[in-house]
Every structure is written in structure tokens, then in C-alpha cells.
Amino acid sequence: MAASPSDVGRLSAWAAVASATIALVATGASLISTVAAIGVAHDIADVQRQDGARAEISSHLVKMSELDRTGGSAYRNEIVTLAKQVENLVVKHGQKNLNLSASTYRLVGLFVALSTTDLELAGRMAHRALNLATRMEPDGSGGLRIADPLEALQAHRVLADVAAQNLDLDEMTKEYEAALNISEAEGARNRYVEVEARQYTQTYWALSAMMLVDGQQNPTPKDCIEVRRRTIAAREDFKALGKNPEIVRRARRIEENVCAAPIDLLSLKRS
């Protein structure tokens, strides 16, 4: 039996609808593929930019280390410029994407604190280091411990140095005490944290206290008592560490032993 004209018309209409549907699905699939490809391309570009930022930060850190080692404060402007570029890259890309180590931030803060007068920048970098280093992680026995006690301790020392330069005795004391508390609490995990790191903290504390009062116009008797107490407390640590370049460097920032602390400052200044 032959199909009626109306049946043929309906079949043609259905075929047209089917063809249109297939074309629409194909177009949609093509669009999805295109969007996905664009997304992948953007992801790859983001990764490449982040890799580039990390490489640039690493290069800046190496350059700051070289400038700090060879000239120190003579290159203060260059060091601050590099440090600010590091900070700008972190703000632009985010720590979550860059995944920089605590030591990266701590070293930038240290170079800025020791060789420049941009103490706010030094403090910001040290706080970034401290936040990373003090994150809690499982200790393997059901408890928690800080992620990196040595970096946390050293970040506190940078903040203490910043406080000393700001002539803030209370803040300096708080930061050095925090560093020593980490040494005591975490020393069982790491002998260096327990012994050498504690020794450096004690000696740096004594020298920071001397630098702080040296920067005051009229140190109070109370401040001088604290300076002498810190130098006495660090006496054996100075002996144990001997002629260390970092100790010599910090001693040279002190112009005069204004509180008559029981320490041979001139000898410490000689490399």
C-alpha cells in the first residue's frame, strides 16, 4: 500500500526534526569541547605564569643573599626593591598557587631586617614565614605538632630583631621568649633546635638588647638591668658558638656598650 501524501509529509517533517536535533547536539558537543579546550589552555597558562613567578622569586632571593653578603646596608635600596617585588608576586599569584616555603619568606624578612630600614616589610615577611611554619600537622601518634619548628623559631628571631630596631623592648622580649619556648618544646625532634638554635637565640637576644638601648637617648636603669641579665645568660652560649659571622655582624650594629654589660663588645666586632 503506497504512503499517502500526508504520511510522506509527516515523515519528512520528522526527518527534518531529527536532523536538526542531531545538528544541535553536535553543535553543543563542539561548543563544550571548545570551552573545555579554552579552560585547559587557561589552566596551562596559569601554571606557566605561576612557574615563572616562582623562578623570579628564587632569582630575587639569590640576588638579595649576594647583596646582603657582599655589601649589606650599602645595597639597602636594591634589597628593598627586590623584596617588594617578591611581595608583589605573592600578592598577585597567591601563596596557595605559589606554595612558597616558610624559609623563603623568612630569608627575605631577614635580609630586609639586617640590611635596610624597611622594618614593616621585614615584619610582614617574617609573619608570613611564621604562619606557614606553625601550621599544625599530625605527629604520627594521634596528636598534632607544628609543621616546621626551626623555621618558626627563626621567624620569631627576625620579628625580635625588628622589634629591637623599633626600640620595643617588650615586643622583642616576647618574640625571643617564643623562640626559646619552641626550642624547649620541639627539641626532642631535632637536636639543632634543642641546642644550637637555642644558643643562637640567647646570643642574638643579648646583642639585640644591647642594640636597642644603644639606640635610645637615655636608657632607663631597668633597661640596663635587662641588658646585663641577657648578656650574663648568654655568656656560655657566646663561648660555645665562638667567632661566628652572624654574631660578628650583629655586634657591629652596636656602637657603644652603654649599659656596661659584661661582654667584650670590641672583641666580638672583630672577624
# chains A, B, ... in the order shown; residues from 1 in each chain; ligands from 1
$ residues_around --residues "Arg135 in chain A" --least-positions-apart "4" --cutoff "12 Å" --atoms "only C-alpha atoms" --output "PyMOL selection string"
chain A and resi 102+128-131+144-149+151-152
$ residues_around --residues "Ile225 in chain A" --least-positions-apart "2" --cutoff "12 Å" --atoms "only C-alpha atoms" --output "mmCIF file with C-alpha atoms, in the first residue's frame"
data_model
loop_
_atom_site.group_PDB
_atom_site.id
_atom_site.type_symbol
_atom_site.label_atom_id
_atom_site.label_comp_id
_atom_site.auth_asym_id
_atom_site.auth_seq_id
_atom_site.Cartn_x
_atom_site.Cartn_y
_atom_site.Cartn_z
ATOM 1 C CA ALA A 206 71.737 39.709 74.234
ATOM 2 C CA ALA A 209 69.060 44.161 73.769
ATOM 3 C CA MET A 210 72.395 45.989 73.562
ATOM 4 C CA VAL A 213 69.479 50.546 74.394
ATOM 5 C CA PRO A 219 68.246 54.125 78.632
ATOM 6 C CA THR A 220 66.473 53.547 81.925
ATOM 7 C CA PRO A 221 68.145 51.670 84.789
ATOM 8 C CA LYS A 222 65.535 48.954 84.290
ATOM 9 C CA ASP A 223 66.511 48.560 80.640
ATOM 10 C CA VAL A 227 70.655 44.090 79.047
ATOM 11 C CA ARG A 228 73.146 42.904 81.644
ATOM 12 C CA ARG A 229 70.881 39.996 82.565
ATOM 13 C CA ARG A 230 70.656 38.898 78.936
ATOM 14 C CA THR A 231 74.404 39.075 78.352
ATOM 15 C CA ILE A 232 75.086 37.078 81.513
ATOM 16 C CA VAL A 258 76.066 51.949 77.014
ATOM 17 C CA CYS A 259 74.901 49.735 79.888
ATOM 18 C CA ALA A 260 78.371 48.370 80.645
ATOM 19 C CA ALA A 261 77.186 44.833 80.002
ATOM 20 C CA PRO A 262 79.726 42.156 80.967
#
$ atom_distance --atom1 "CA of Thr134 in chain A" --atom2 "CA of Gln199 in chain A"
21.1 Å
$ atom_distance --atom1 "CA of Ala234 in chain A" --atom2 "CA of Met125 in chain A"
27.6 Å
$ residues_around --residues "Glu175 in chain A" --least-positions-apart "4" --cutoff "12 Å" --atoms "only C-alpha atoms" --output "ChimeraX atom specification"
/A:123,126-127,130,152-164,168-171,179-182,201-202,204-205,208
$ closest_residue --among "A:Leu119, A:Ala74, A:Ile254, A:Leu61" --to "Gly215 in chain A" --atoms "only C-alpha atoms"
A:Ile254
$ atom_distance --atom1 "CA of Tyr75 in chain A" --atom2 "CA of Lys63 in chain A"
10.9 Å
